[in-house]
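Asks: Contents of protein_8.txt (compact mmCIF, C-alpha atoms) are below:
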```
# COMPACT_ATOMS: atom_id res chain seq x y z
CA MET A 230 106.76 94.85 67.48
CA PRO A 231 109.32 93.03 65.33
CA ILE A 232 109.80 89.29 65.40
CA THR A 233 113.11 88.96 63.65
CA MET A 234 114.65 85.68 64.79
CA HIS A 235 114.55 83.02 62.09
CA LYS A 236 111.69 80.60 62.71
CA ASN A 237 114.11 77.66 62.90
CA LEU A 238 115.76 79.26 65.92
CA ARG A 239 112.69 80.93 67.38
CA THR A 240 111.38 77.92 69.28
CA GLN A 241 110.10 77.49 72.80
CA ASP A 242 112.96 75.18 73.84
CA ARG A 243 115.58 77.70 72.73
CA TYR A 244 113.90 80.70 74.31
CA ARG A 245 115.31 82.57 77.30
CA PHE A 246 113.71 85.52 79.03
CA LEU A 247 116.04 87.58 81.20
CA LYS A 248 115.07 90.55 83.36
CA GLY A 249 117.42 92.19 85.80
CA LYS A 250 120.38 94.52 86.09
CA ILE A 251 122.73 95.11 83.18
CA THR A 252 126.21 94.36 84.55
CA GLN A 253 128.11 94.62 81.24
CA ILE A 254 127.23 95.91 77.82
CA ASN A 255 129.23 96.65 74.68
CA ASN A 256 128.69 96.48 70.93
CA GLN A 257 128.74 92.68 70.94
CA SER A 258 126.78 91.55 73.97
CA VAL A 259 124.95 92.31 77.18
CA VAL A 260 125.30 90.59 80.56
CA ILE A 261 122.19 90.43 82.72
CA GLN A 262 121.99 89.54 86.40
CA PRO A 263 118.36 88.50 86.88
CA TYR A 264 116.61 89.88 89.96
CA GLY A 265 116.91 87.49 92.88
CA SER A 266 119.81 85.60 91.33
CA SER A 267 123.56 85.81 91.79
CA GLU A 268 124.20 84.31 88.37
CA GLN A 269 124.88 86.39 85.30
CA THR A 270 124.00 85.48 81.73
CA GLU A 271 125.57 86.85 78.58
CA ALA A 272 123.53 87.23 75.42
CA TYR A 273 124.93 88.32 72.08
CA PHE A 274 123.71 90.92 69.63
CA ASP A 275 123.18 90.08 65.98
CA PRO A 276 122.74 93.01 63.60
CA GLN A 277 120.31 90.96 61.55
CA VAL A 278 117.90 90.28 64.36
CA THR A 279 118.55 92.42 67.45
CA TYR A 280 116.43 95.43 68.25
CA PHE A 281 116.98 97.88 71.12
CA TRP A 282 114.28 99.78 72.86
CA LYS A 283 114.65 102.55 75.43
CA GLY A 284 112.46 105.45 76.40
CA GLY A 285 109.65 105.16 73.90
CA LEU A 286 107.80 103.02 71.44
CA THR A 287 110.44 103.16 68.72
CA PHE A 288 112.98 100.41 68.23
CA THR A 289 116.49 101.07 67.01
CA LYS A 290 119.36 98.99 65.73
CA THR A 291 121.82 100.99 67.81
CA VAL A 292 123.10 99.42 71.01
CA THR A 293 121.28 101.09 73.89
CA GLY A 294 121.61 100.68 77.65
CA ALA A 295 124.23 101.12 80.33
CA VAL A 296 125.60 99.24 83.31
CA GLY A 297 123.10 99.56 86.16
CA ASP A 298 120.07 99.93 83.91
CA GLN A 299 117.27 97.41 84.04
CA GLY A 300 117.47 95.10 81.04
CA THR A 301 114.70 92.87 79.74
CA VAL A 302 116.02 90.46 77.14
CA SER A 303 114.33 88.10 74.73
CA ALA A 304 116.94 85.66 73.44
CA PHE A 305 117.19 82.33 71.63
CA ARG A 306 119.95 79.74 71.80
CA ASP A 307 121.99 79.24 68.63
CA ASP A 308 122.75 75.52 68.53
CA ALA A 309 125.82 76.06 66.34
CA THR A 310 127.60 78.24 68.87
CA GLY A 311 125.68 77.59 72.08
CA ARG A 312 125.28 81.34 72.46
CA LEU A 313 122.12 83.20 73.28
CA LEU A 314 121.18 85.58 70.47
CA VAL A 315 119.21 88.66 71.49
CA GLU A 316 116.02 89.45 69.63
CA THR A 317 115.03 92.42 71.80
CA LEU A 318 116.72 94.35 74.60
CA MET A 319 114.32 96.64 76.42
CA VAL A 320 116.02 99.13 78.74
CA ASN A 321 114.37 100.48 81.90
CA HIS A 322 110.95 99.54 80.56
CA GLU A 323 108.26 98.69 83.08
CA GLN A 324 104.51 98.25 83.27
CA VAL A 325 102.41 99.23 86.26
CA ARG A 326 98.78 98.69 87.13
CA GLY A 327 96.94 100.73 89.69
CA THR A 328 94.31 103.27 90.66
CA ILE A 329 94.60 106.97 89.92
CA THR A 330 94.66 108.95 93.16
CA GLY A 331 95.43 112.35 91.69
CA VAL A 332 95.57 114.18 88.37
CA ASN A 333 97.66 117.26 87.66
CA GLY A 334 97.77 118.07 83.96
CA ASN A 335 99.74 115.31 82.30
CA THR A 336 100.90 113.84 85.61
CA LEU A 337 99.03 111.09 87.39
CA ALA A 338 99.52 109.79 90.91
CA VAL A 339 98.82 106.04 90.93
CA LYS A 340 98.59 103.62 93.82
CA GLN A 341 99.38 100.00 92.95
CA PRO A 342 97.58 97.18 94.81
CA LYS A 343 100.68 95.05 94.20
CA TRP A 344 104.06 96.29 93.14
CA LEU A 345 107.49 95.21 92.03
CA ALA A 346 110.34 95.46 94.51
CA THR A 347 112.06 97.84 92.11
CA LEU A 348 109.22 100.38 92.38
CA ASN A 349 107.42 102.24 95.12
CA PRO A 350 103.79 101.27 95.83
CA GLU A 351 102.73 104.78 94.88
CA VAL A 352 104.20 106.10 91.67
CA THR A 353 104.00 109.28 89.63
CA LEU A 354 103.27 108.77 85.95
CA SER A 355 104.44 111.57 83.68
CA LEU A 356 102.53 111.14 80.44
CA ARG A 357 104.32 111.97 77.24
CA PRO A 358 102.46 114.34 74.90
CA ASP A 359 102.45 111.56 72.28
CA ALA A 360 101.37 108.77 74.64
CA LEU A 361 99.18 106.06 73.10
CA ASP A 362 96.63 103.63 74.45
CA PHE A 363 96.79 99.89 73.80
CA TYR A 364 94.92 100.36 70.52
CA ASP A 365 97.52 102.89 69.34
CA ASN A 366 95.16 105.84 69.71
CA ARG A 367 96.55 109.15 70.98
CA VAL A 368 95.68 109.61 74.65
CA ASP A 369 93.28 112.39 75.62
CA PHE A 370 94.65 113.66 78.93
CA SER A 371 91.27 115.12 79.96
CA GLN A 372 89.80 111.62 80.29
CA PHE A 373 91.79 110.73 83.40
CA LYS A 374 90.05 110.97 86.76
CA ALA A 375 90.77 109.83 90.29
CA GLY A 376 89.45 106.35 90.96
CA GLN A 377 90.08 104.97 87.46
CA ASN A 378 92.18 101.83 87.10
CA VAL A 379 94.95 102.07 84.54
CA ILE A 380 97.70 100.00 82.99
CA ALA A 381 100.71 102.07 81.99
CA GLN A 382 104.04 101.37 80.36
CA GLY A 383 107.05 103.61 80.46
CA GLU A 384 110.66 104.22 81.27
CA ILE A 385 111.69 104.01 84.91
CA LEU A 386 113.12 107.37 85.94
CA ASN A 387 113.42 106.40 89.60
CA PRO A 388 111.51 104.00 91.91
CA GLY A 389 108.68 106.50 92.26
CA GLN A 390 108.41 107.93 88.77
CA LEU A 391 107.91 106.65 85.23
CA ASP A 392 107.93 108.46 81.90
CA ILE A 393 104.83 106.99 80.28
CA TYR A 394 104.43 106.33 76.58
CA ARG A 395 101.51 103.94 76.70
CA ILE A 396 98.52 104.03 79.05
CA HIS A 397 95.13 102.39 79.04
CA ILE A 398 92.10 102.84 81.26
CA GLN A 399 90.74 99.52 82.50
CA MET B 161 90.00 69.49 70.82
CA SER B 162 88.30 72.84 71.26
CA GLN B 163 89.43 76.37 70.54
CA ILE B 164 88.59 79.83 71.74
CA THR B 165 90.00 83.18 70.65
CA VAL B 166 90.51 85.76 73.38
CA GLY B 167 92.50 88.86 74.17
CA SER B 168 95.57 88.68 76.38
CA SER B 169 97.45 91.24 78.40
CA TYR B 170 100.55 90.61 80.50
CA TYR B 171 101.58 91.08 84.09
CA THR B 172 104.83 91.13 86.03
CA LEU B 173 104.07 90.09 89.59
CA CYS B 174 104.53 86.30 89.54
CA ASP B 175 107.26 85.70 92.08
CA GLY B 176 107.46 81.90 91.94
CA SER B 177 105.40 81.34 95.07
CA ASN B 178 102.19 83.23 94.48
CA GLY B 179 99.19 83.17 92.17
CA ALA B 180 96.03 81.17 92.65
CA CYS B 181 97.87 77.89 92.03
CA GLY B 182 100.82 78.80 94.24
CA ASP B 183 103.65 78.62 91.74
CA CYS B 184 103.16 81.57 89.45
CA ASN B 185 106.53 82.41 87.88
CA ASN B 186 107.23 85.42 85.69
CA ASN B 187 110.21 83.58 84.20
CA ASP B 188 108.16 80.74 82.78
CA MET B 189 105.64 80.19 79.98
CA GLN B 190 102.57 80.71 82.12
CA ALA B 191 99.30 82.60 82.14
CA ALA B 192 96.37 83.52 84.31
CA TRP B 193 92.90 82.61 83.07
CA ALA B 194 89.61 84.25 84.00
CA ASN B 195 87.74 80.98 84.63
CA LEU B 196 89.85 78.76 86.85
CA SER B 197 88.36 75.54 88.20
CA GLY B 198 87.67 75.90 91.90
CA PHE B 199 87.99 79.67 91.76
CA GLY B 200 85.05 80.64 89.56
CA ASN B 201 84.57 82.71 86.45
CA LEU B 202 85.56 86.34 86.82
CA GLU B 203 83.86 87.49 83.64
CA PRO B 204 80.86 89.57 84.71
CA SER B 205 77.43 88.21 83.89
CA GLY B 206 76.29 89.61 80.57
CA CYS B 207 79.81 90.44 79.37
CA THR B 208 79.58 89.79 75.64
CA CYS B 209 82.17 90.41 72.94
CA ASN B 210 81.39 89.79 69.29
CA GLY B 211 78.50 87.53 70.30
CA PHE B 212 80.52 85.48 72.76
CA ASN B 213 79.21 85.61 76.32
CA GLY B 214 81.89 85.52 79.00
CA SER B 215 79.75 83.20 81.09
CA ASN B 216 80.53 80.51 78.49
CA LEU B 217 84.28 80.81 78.96
CA PRO B 218 85.74 77.31 79.42
CA ALA B 219 87.20 76.48 82.82
CA PHE B 220 90.83 75.39 83.07
CA SER B 221 92.48 73.72 86.03
CA CYS B 222 95.60 74.75 87.89
CA ASN B 223 98.70 73.60 85.98
CA GLU B 224 96.68 72.62 82.91
CA THR B 225 98.70 73.15 79.75
CA VAL B 226 97.02 74.69 76.73
CA THR B 227 98.34 75.48 73.27
CA VAL B 228 98.34 79.20 72.56
CA LYS B 229 98.72 80.72 69.11
CA ASP B 230 99.15 84.45 68.64
CA ILE B 231 96.72 85.29 65.85
CA CYS B 232 98.77 88.35 64.93
CA ASN B 233 101.90 86.46 63.93
CA ASP B 234 101.16 82.70 64.21
CA VAL B 235 103.71 82.16 67.01
CA THR B 236 102.62 79.08 68.98
CA ALA B 237 103.66 77.69 72.36
CA SER B 238 102.50 75.50 75.23
CA VAL B 239 101.39 77.63 78.16
CA LYS B 240 100.66 76.49 81.71
CA ILE B 241 97.70 78.00 83.55
CA THR B 242 98.91 79.00 87.02
CA ASP B 243 96.78 81.92 88.13
CA HIS B 244 93.27 83.36 88.21
CA ASP B 245 92.96 86.45 86.06
CA SER B 246 91.16 89.30 87.75
CA PRO B 247 90.59 92.00 85.16
CA GLY B 248 87.87 93.52 87.33
CA GLY B 249 85.53 94.20 84.46
CA CYS B 250 84.39 93.29 80.98
CA TYR B 251 86.95 94.10 78.30
CA CYS B 252 86.47 93.51 74.60
CA ASP B 253 89.84 93.93 72.91
CA HIS B 254 90.54 94.44 69.25
CA ASP B 255 92.29 91.54 67.62
CA CYS B 256 95.58 92.40 65.91
CA ASN B 257 93.83 93.53 62.74
CA GLY B 258 91.07 95.42 64.50
CA TYR B 259 88.44 93.37 62.68
CA TYR B 260 86.43 92.27 65.67
CA SER B 261 86.36 92.23 69.43
CA VAL B 262 87.64 89.44 71.61
CA LEU B 263 87.03 88.93 75.31
CA ARG B 264 90.13 89.66 77.40
CA ALA B 265 90.36 86.46 79.38
CA MET B 266 94.10 85.72 79.57
CA ASP B 267 96.92 87.47 81.37
CA MET B 268 100.34 86.14 80.42
CA THR B 269 103.59 86.33 82.29
CA GLU B 270 106.04 88.79 80.79
CA HIS B 271 108.13 85.79 79.70
CA ALA B 272 105.25 84.39 77.66
CA PHE B 273 104.05 87.71 76.26
CA VAL B 274 107.50 88.61 74.94
CA TYR B 275 107.82 85.18 73.34
CA PHE B 276 104.56 85.65 71.47
CA THR B 277 104.84 89.28 70.48
CA GLY B 278 108.58 89.98 70.45
CA SER B 279 108.41 92.71 73.09
CA THR B 280 106.20 94.32 75.68
CA THR B 281 105.43 97.42 73.65
CA GLY B 282 101.89 96.49 72.71
CA GLY B 283 100.45 95.37 76.01
CA LEU B 284 97.63 93.43 74.35
CA THR B 285 97.42 90.71 71.74
CA GLY B 286 94.89 88.26 70.38
CA VAL B 287 95.39 84.54 70.88
CA THR B 288 93.68 81.29 69.99
CA VAL B 289 93.70 78.81 72.85
CA THR B 290 93.45 75.11 72.01
CA TYR B 291 92.50 72.76 74.82
```
What is this file in structure tokens?
Replies:
Amino acid sequence: MPITMHKNLRTQDRYRFLKGKITQINNQSVVIQPYGSSEQTEAYFDPQVTYFWKGGLTFTKTVTGAVGDQGTVSAFRDDATGRLLVETLMVNHEQVRGTITGVNGNTLAVKQPKWLATLNPEVTLSLRPDALDFYDNRVDFSQFKAGQNVIAQGEILNPGQLDIYRIHIQ
Amino acid sequence: MSQITVGSSYYTLCDGSNGACGDCNNNDMQAAWANLSGFGNLEPSGCTCNGFNGSNLPAFSCNETVTVKDICNDVTASVKITDHDSPGGCYCDHDCNGYYSVLRAMDMTEHAFVYFTGSTTGGLTGVTVTY
């Protein structure tokens, strides 16, 4: 989990957290329309500090994401330019918490007691073969049973399905 | 001033009008805490991590601001307590170096967790809370 922004810029008063729909993206910047807002905010990439993350636990320096994807942005204001500089852009990443209602190989059915508007209350979690727990241990698929509470992180495939790369039994 | 080191996870369901204190906001530097004044201590009796008993967890009030330092990278920020954490069990988390166990007593907003850790990839981190 890289923290790349220079400490002089990486301060609480300069920090912006943006989560919503990507409405524009190119090699220089991304525009996010936060959920529940009509406003759009542009944040700029900096090759020295910006990391991109989509579909797994590996960061890249290559611009990733497309218009319509969910974007979660960590950015800090550069006083010299007034621009927001992106530290991390996470694409289609989401975390869910819920109770396992069914197990079928590496696929779990999970019912969430509370859920985001972007997801269904009941979701299917497709566990990657290399999925890890929160302590970075490889997940043993045989441990999952109906009734267990789990926290899982993955890529949103559609409102009812996530491709999971990290999962933890509570 | 007092300090306590605990584990923290993050959650995403603060919509600006919910949470135990009524103004939980996922787009702000906020956290839920397991022992919220007026709401009780959710740590089960006998829950002990590295010698620390969860029944001794300090109580914070709604909208109390504490100073939180991520012990994995020294990032520090002021965090407002706006919700009552309900982990539903006793969890002893590794700290960032895996040296010892810390009681999971804090649940940050996504906004706060990303500020401290740089992303949401980890899901857990260790923090020192000064109050």
Asks: Any idea what's packed within 7 Å of Thr225 of chain B, counting only C-alpha atoms, ignoring anything in its chain fewer than 4 positions away? Could you give it as a count of residues only?
Replies: 4
Asks: Could you tell me which of A:Glu268, A:Glu316, A:Glu323, A:Asp307 comes closest to Glu384 of chain A if we count only C-alpha atoms?
Replies: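 Closest to Glu384 of chain A, using only C-alpha atoms: A:Glu323.
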Asks: Give me, as JSON, numbers by chain, the contact residues of chain A against chain B at a cut-off of 8 Å, counting only C-alpha atoms.
Replies: {"A": [230, 231, 232, 241, 244, 246, 247, 286, 303, 316, 317, 319, 324, 343, 344, 345, 363, 364, 382, 399]}
Asks: Quote the spacing between atom CA of Ile398 of chain A and atom CA of Val379 of chain A in Å to one decimal place.
Replies: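 About the pair atom CA of Ile398 of chain A and atom CA of Val379 of chain A: they are 4.4 Å apart.
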Asks: Report the distance between atom CA of Phe281 of chain A and atom CA of Thr252 of chain A in Å, rounded to one decimal place.
Replies: 16.7 Å
Asks: Which neighbours of Thr328 of chain A fall inside 10 Å, counting only C-alpha atoms, when residues of the same chain fewer than 2 positions from it are skipped, and could you give them as a PyMOL selection string?
Replies: chain A and resi 326+330-331+337-342+351+374-380+398-399
Asks: In Å, rounded to a single decimal, give me how far atom CA of Ser162 of chain B is from atom CA of Leu202 of chain B.
Replies: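 That distance, rounded to one decimal, is 20.8 Å.
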Asks: Within 10 Å of Thr208 of chain B, counting all atoms listed in the file, which residues qualify if same-chain residues fewer than 5 places away don't, as JSON, numbers by chain?
Replies: {"B": [203, 213, 214, 215, 216, 250, 251, 252, 261, 262, 263]}
Asks: Of the residues A:Gly383, A:Gly297, A:Pro388, A:Gly285, which is the one nearest to Gln253 of chain A, using only C-alpha atoms?
Replies: A:Gly297
Asks: Hey, which of B:Asn201, B:Thr242, B:Thr290, B:Ser221 ends up closest to Gly179 of chain B? Count all atoms listed in the file.
Replies: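 Smallest separation from Gly179 of chain B among the options: B:Thr242.
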Asks: Would you kindly return, as JSON, numbers by chain, each protein, DNA or RNA residue with an atom no farther than 9 Å from any atom of Tyr280 of chain A, considering only C-alpha atoms and excluding same-chain residues fewer than 5 positions away?
Replies: {"A": [231, 233, 274, 275, 288, 289, 290, 291, 292, 315, 316, 317, 318, 319]}
Asks: Which is closest to Met268 of chain B among B:Cys184, B:Ile231, B:Cys222, B:Cys207, if we use all atoms listed in the file?
Replies: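 Checking each candidate against Met268 of chain B, we get B:Cys184 as the closest.
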Asks: From the set A:Phe305, A:Tyr273, A:Tyr264, A:Trp282, which residue has the shortest atom-to-atom contact distance to Lys248 of chain A, counting only C-alpha atoms?
Replies: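 Among the listed residues, the smallest separation from Lys248 of chain A belongs to A:Tyr264.
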